[in-house]
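Heads up, coords32.txt below (compact mmCIF, C-alpha atoms):
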```txt
# COMPACT_ATOMS: atom_id res chain seq x y z
CA TYR A 1 44.90 -9.32 -5.59
CA THR A 2 42.27 -6.58 -5.30
CA VAL A 3 40.07 -5.38 -8.14
CA SER A 4 38.50 -1.92 -8.01
CA ILE A 5 35.72 -0.78 -10.33
CA VAL A 6 35.33 2.97 -10.69
CA GLN A 7 31.92 4.35 -11.63
CA GLY A 8 31.90 7.59 -13.61
CA PRO A 9 29.60 10.28 -12.16
CA ALA A 10 27.57 10.85 -15.33
CA ARG A 11 26.77 7.28 -16.34
CA ASP A 12 24.64 4.49 -14.99
CA THR A 13 25.83 0.90 -14.92
CA ILE A 14 23.52 -1.11 -17.16
CA GLY A 15 24.72 -4.42 -15.72
CA MET A 16 27.87 -6.33 -14.93
CA TYR A 17 28.89 -9.78 -13.80
CA PHE A 18 31.98 -11.52 -12.56
CA GLY A 19 30.52 -14.95 -12.96
CA TRP A 20 29.03 -17.17 -15.57
CA GLU A 21 26.57 -16.73 -18.40
CA GLY A 22 25.81 -19.52 -20.80
CA ASP A 23 28.64 -21.89 -21.67
CA THR A 24 31.58 -19.65 -20.78
CA PRO A 25 34.09 -21.69 -18.73
CA THR A 26 36.64 -18.84 -18.57
CA LEU A 27 34.18 -16.68 -16.68
CA THR A 28 33.32 -19.56 -14.40
CA ARG A 29 36.98 -19.94 -13.41
CA SER A 30 37.26 -16.17 -12.87
CA ALA A 31 34.30 -16.20 -10.51
CA ASP A 32 35.85 -19.03 -8.51
CA MET A 33 38.74 -16.75 -7.55
CA ILE A 34 36.54 -14.18 -5.79
CA THR A 35 36.73 -14.60 -2.02
CA ASP A 36 35.10 -11.41 -0.73
CA MET A 37 33.76 -7.97 -1.59
CA SER A 38 35.33 -5.29 0.59
CA SER A 39 32.89 -2.48 -0.24
CA TRP A 40 29.71 -1.91 -2.22
CA GLY A 41 30.96 1.18 -4.03
CA LYS A 42 28.82 3.60 -5.97
CA MET A 43 26.87 2.07 -8.84
CA LYS A 44 23.43 2.12 -10.36
CA PHE A 45 22.21 -1.07 -12.01
CA LYS A 46 19.58 -1.81 -14.63
CA THR A 47 20.01 -5.58 -14.41
CA PHE A 48 21.59 -7.85 -11.81
CA LYS A 49 21.60 -11.09 -13.80
CA TYR A 50 24.61 -13.31 -13.07
CA PHE A 51 26.22 -10.64 -10.84
CA LEU A 52 28.21 -13.06 -8.64
CA SER A 53 27.10 -16.26 -10.33
CA HIS A 54 29.45 -19.21 -9.70
CA ALA A 55 31.51 -17.30 -7.14
CA LYS A 56 31.80 -20.49 -5.13
CA SER A 57 34.62 -19.25 -2.86
CA ILE A 58 33.17 -15.92 -1.76
CA THR A 59 32.62 -15.98 1.99
CA GLN A 60 31.35 -12.51 2.72
CA LEU A 61 29.79 -9.40 1.30
CA PRO A 62 30.52 -5.97 2.78
CA SER A 63 29.39 -5.74 6.41
CA GLY A 64 26.39 -3.69 7.43
CA SER A 65 23.30 -2.73 5.51
CA VAL A 66 23.59 -2.16 1.75
CA PRO A 67 23.96 1.61 1.17
CA ASP A 68 21.79 3.61 -1.23
CA THR A 69 24.87 4.32 -3.33
CA PHE A 70 24.79 0.68 -4.46
CA ASN A 71 21.59 1.30 -6.33
CA THR A 72 19.49 -1.65 -7.49
CA SER A 73 16.18 0.19 -7.17
CA GLU A 74 15.38 -0.14 -10.90
CA VAL A 75 16.51 -3.75 -11.31
CA THR A 76 13.73 -6.08 -12.47
CA ASP A 77 15.80 -9.20 -13.16
CA PHE A 78 17.88 -10.88 -10.42
CA THR A 79 18.28 -14.20 -12.25
CA ASN A 80 21.27 -16.23 -10.98
CA ALA A 81 22.66 -13.19 -9.17
CA PHE A 82 24.18 -15.24 -6.32
CA LEU A 83 23.97 -18.69 -7.90
CA TYR A 84 26.42 -21.20 -6.37
CA ASN A 85 27.70 -18.78 -3.72
CA ARG A 86 28.27 -21.89 -1.62
CA SER A 87 30.68 -20.33 0.88
CA LEU A 88 28.71 -17.13 1.52
CA VAL A 89 27.77 -17.26 5.21
CA SER A 90 25.19 -14.45 5.33
CA PHE A 91 23.22 -12.07 3.16
CA PRO A 92 22.93 -8.41 4.15
CA ASP A 93 19.91 -6.33 5.07
CA GLY A 94 18.90 -3.37 2.96
CA PHE A 95 19.32 -4.91 -0.47
CA ASP A 96 16.86 -3.04 -2.72
CA THR A 97 14.72 -5.58 -4.56
CA SER A 98 11.62 -3.38 -4.71
CA SER A 99 11.41 -3.48 -8.53
CA GLY A 100 12.45 -7.11 -8.80
CA GLU A 101 10.17 -9.26 -10.93
CA ILE A 102 12.36 -12.25 -11.80
CA PHE A 103 14.17 -14.12 -9.02
CA GLN A 104 15.02 -17.33 -10.87
CA SER A 105 17.79 -19.21 -9.02
CA THR A 106 18.88 -15.98 -7.32
CA TRP A 107 20.21 -17.68 -4.16
CA TYR A 108 20.45 -21.18 -5.62
CA ASP A 109 22.89 -23.38 -3.67
CA CYS A 110 23.82 -20.73 -1.10
CA LYS A 111 24.32 -23.59 1.31
CA ALA A 112 26.38 -21.78 3.98
CA ILE A 113 23.63 -19.26 4.76
CA THR A 114 21.61 -20.24 7.83
CA SER A 115 19.13 -17.37 8.03
CA PHE A 116 17.75 -15.03 5.42
CA PRO A 117 16.85 -11.34 5.79
CA ASP A 118 13.61 -9.72 4.78
CA ILE A 119 13.53 -8.57 1.15
CA ASP A 120 10.95 -6.58 -0.78
CA ILE A 121 9.11 -8.90 -3.19
CA SER A 122 6.21 -6.51 -3.85
CA SER A 123 6.87 -6.62 -7.62
CA ALA A 124 7.85 -10.29 -7.82
CA ILE A 125 6.45 -12.50 -10.59
CA ASP A 126 8.77 -15.49 -10.81
CA LEU A 127 10.31 -17.21 -7.76
CA THR A 128 11.38 -20.33 -9.63
CA ARG A 129 14.26 -22.11 -7.81
CA THR A 130 14.94 -18.92 -5.81
CA TRP A 131 16.45 -20.68 -2.75
CA LYS A 132 16.85 -24.17 -4.20
CA LEU A 133 19.64 -26.23 -2.59
CA SER A 134 20.23 -23.63 0.13
CA ASN A 135 19.91 -26.50 2.52
CA ASN A 136 21.15 -24.82 5.70
CA ILE A 137 18.70 -21.93 5.75
CA ALA A 138 16.65 -22.52 8.88
CA SER A 139 15.04 -19.12 9.22
CA PHE A 140 12.96 -16.94 6.93
CA PRO A 141 11.34 -13.68 8.07
CA THR A 142 7.63 -14.04 8.80
CA THR A 143 6.96 -10.89 6.79
CA LEU A 144 8.63 -12.35 3.70
CA ILE A 145 6.46 -15.47 3.84
CA GLU A 146 3.37 -13.32 4.44
CA ASN A 147 4.18 -11.12 1.45
CA ILE A 148 4.60 -14.16 -0.78
CA THR A 149 1.24 -15.44 0.45
CA ASN A 150 -0.51 -12.13 -0.20
CA SER A 151 1.09 -11.43 -3.56
CA VAL A 152 -1.18 -10.95 -6.57
CA THR A 153 1.75 -10.80 -9.02
CA ILE A 154 3.63 -14.03 -8.28
CA THR A 155 2.89 -16.71 -10.89
CA SER A 156 5.56 -19.30 -10.07
CA LEU A 157 6.82 -20.96 -6.90
CA LYS A 158 8.29 -23.80 -8.92
CA GLU A 159 11.05 -25.48 -6.88
CA THR A 160 11.32 -22.31 -4.78
CA TRP A 161 12.43 -24.10 -1.60
CA ARG A 162 13.52 -27.38 -3.18
CA ASN A 163 16.20 -29.11 -1.05
CA CYS A 164 15.85 -26.50 1.70
CA SER A 165 16.13 -29.38 4.12
CA SER A 166 16.63 -27.31 7.30
CA LEU A 167 13.41 -25.30 7.19
CA PRO A 168 11.27 -25.81 10.32
CA ASN A 169 7.47 -26.13 10.35
CA SER A 170 7.17 -22.57 11.67
CA THR A 171 8.35 -21.20 8.31
CA PHE A 172 5.02 -22.06 6.71
CA THR A 173 2.62 -21.83 9.66
CA ASP A 174 0.70 -18.93 8.10
CA PHE A 175 1.57 -19.64 4.47
CA ASP A 176 -0.94 -19.90 1.67
CA ALA A 177 -0.37 -20.14 -2.06
CA PRO A 178 -0.48 -16.84 -4.00
CA ILE A 179 -3.78 -16.67 -5.86
CA ASN A 180 -2.38 -16.11 -9.36
CA LEU A 181 -0.02 -19.07 -9.65
CA THR A 182 -0.07 -20.65 -13.09
CA ASN A 183 -0.58 -24.31 -14.01
CA ASP A 184 2.87 -25.58 -12.91
CA GLY A 185 3.44 -22.88 -10.31
CA LEU A 186 3.65 -25.36 -7.40
CA ASP A 187 5.76 -28.04 -9.11
CA GLY A 188 8.53 -29.19 -6.78
CA THR A 189 7.99 -26.27 -4.39
CA TRP A 190 8.89 -28.22 -1.22
CA TYR A 191 10.74 -31.09 -2.89
CA ASP A 192 13.14 -32.63 -0.32
CA CYS A 193 12.19 -30.24 2.49
CA SER A 194 12.88 -33.18 4.74
CA SER A 195 12.82 -31.31 8.07
CA LEU A 196 9.11 -30.47 7.77
CA THR A 197 6.99 -32.68 10.01
CA SER A 198 3.66 -30.98 9.34
CA PHE A 199 2.17 -28.74 6.70
CA PRO A 200 -0.51 -26.03 6.83
CA SER A 201 -3.84 -26.23 5.05
CA ILE A 202 -3.38 -24.21 1.87
CA THR A 203 -5.76 -23.35 -0.92
CA ILE A 204 -4.57 -24.55 -4.30
CA PRO A 205 -5.22 -21.68 -6.73
CA SER A 206 -7.61 -22.32 -9.59
CA GLY A 207 -4.87 -21.70 -12.16
CA VAL A 208 -2.76 -24.58 -10.84
CA SER A 209 -3.45 -27.74 -12.83
CA GLU A 210 -0.55 -29.96 -11.76
CA LEU A 211 1.39 -30.72 -8.59
CA ASN A 212 4.42 -32.56 -9.92
CA TYR A 213 6.86 -33.45 -7.12
CA THR A 214 5.42 -30.69 -4.92
CA TRP A 215 6.09 -32.56 -1.66
CA ARG A 216 8.34 -35.32 -2.97
CA GLY A 217 11.11 -36.27 -0.55
CA CYS A 218 9.43 -34.62 2.44
CA GLU A 219 10.30 -37.69 4.44
CA GLY A 220 9.75 -36.05 7.83
CA LEU A 221 6.05 -35.31 7.33
CA LEU A 222 4.00 -36.94 10.08
CA SER A 223 0.72 -35.28 9.15
CA PHE A 224 -0.81 -33.68 6.10
CA PRO A 225 -4.04 -31.66 5.83
CA ASP A 226 -7.13 -33.51 4.62
CA SER A 227 -8.24 -30.25 3.00
CA ILE A 228 -5.37 -30.41 0.49
CA ILE A 229 -6.10 -34.06 -0.27
CA ASN A 230 -9.77 -33.15 -0.82
CA GLN A 231 -8.87 -30.35 -3.20
CA ILE A 232 -6.66 -32.68 -5.22
CA THR A 233 -9.31 -35.41 -5.23
CA ASN A 234 -12.12 -33.08 -6.22
CA SER A 235 -10.14 -31.54 -9.06
CA VAL A 236 -9.71 -34.84 -10.87
```
Take the structure from the file and write it as structure tokens.
Amino acid sequence: YTVSIVQGPARDTIGMYFGWEGDTPTLTRSADMITDMSSWGKMKFKTFKYFLSHAKSITQLPSGSVPDTFNTSEVTDFTNAFLYNRSLVSFPDGFDTSSGEIFQSTWYDCKAITSFPDIDISSAIDLTRTWKLSNNIASFPTTLIENITNSVTITSLKETWRNCSSLPNSTFTDFDAPINLTNDGLDGTWYDCSSLTSFPSITIPSGVSELNYTWRGCEGLLSFPDSIINQITNSV
């Protein structure tokens, strides 16, 4: 069956979700029944937490770029928004993330997606587990990686690409760690990125005091920069 949500002209949508929040199995089962979204509609959001969380059967979002009428321009929290969207084959261009600060597990386990579009992370603070377990993504925009590198607001890349086992070396050719990462901000970042065969020389920010599981399971690595080893050695 088809569900339509009508937005009144005088009110903003504070937030809504079809999926799961906390220990709510009924909502989890409801999310499992969603197979597609036929149109974006006209809505303005204040939060996007859990929006399609646990919608494991959804295969597609509306085609084309996201219209301005689906307004996420003021959303700061995208936590779990597309968590476990395992059947979703692509993610659209034009999704407004310009105010987004929190991207915890946003595209966690989106394992059918093979390439990812450019998104605005200019306000991002927390990219913890953002693409974890999205193990078929083989392409990230160069500009997105550059903007992560140059960010002065990002404090966590904890498990950001964990289990992204299809990422090629070229993804991180020009990558460097954002300068304001906190003590555990690189924990598990590339855990099980098994397709990487080499890694760039990065500068470990002064605020990072631990590197737990940062490159664990990167079984394909054939070379690793001496400069990183020296930084680790000299910090002990």
- Note on the structure: One residue among A:Phe103, A:Ser98, A:Cys193, A:Asp109 is nearest to Ala55 in chain A when using all atoms listed in the file, and that residue is A:Asp109
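If all atoms listed in the file are the atoms counted, then among A:Arg162, A:Asp174, A:Leu167, A:Phe48 the closest residue to Thr142 in chain A is A:Asp174.
Picture a line from CA of Thr47 in chain A to CA of Ala124 in chain A; it runs 14.6 Å.
Nearest-residue note for Ser105 in chain A: choosing from A:Ser73, A:Ser87, A:Asp176, A:Ser53, the minimum distance belongs to A:Ser53, counting all atoms listed in the file.
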- Query: At what distance in Å, to one decimal, does CA of Ile179 in chain A lie from CA of Gly207 in chain A?
  - Reply: 8.1 Å
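Picture a line from CA of Asn85 in chain A to CA of Met43 in chain A; it runs 21.5 Å.
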Using all atoms listed in the file, find each residue in range 110-172 of chain A having at least one atom no more than 9 Å away from range 214-233 of chain A; report its shortest atom-to-atom pair and that distance in Å (one decimal), rows by chain then rising number, as CSV.
```
residue,atom,partner,partner_atom,distance
A:Lys158,CA,A:Thr214,CA,8.5
A:Glu159,CA,A:Thr214,CA,7.9
A:Arg162,CA,A:Thr214,CA,8.9
A:Asn163,CA,A:Gly217,CA,8.8
A:Ser165,CA,A:Cys218,CA,8.7
```
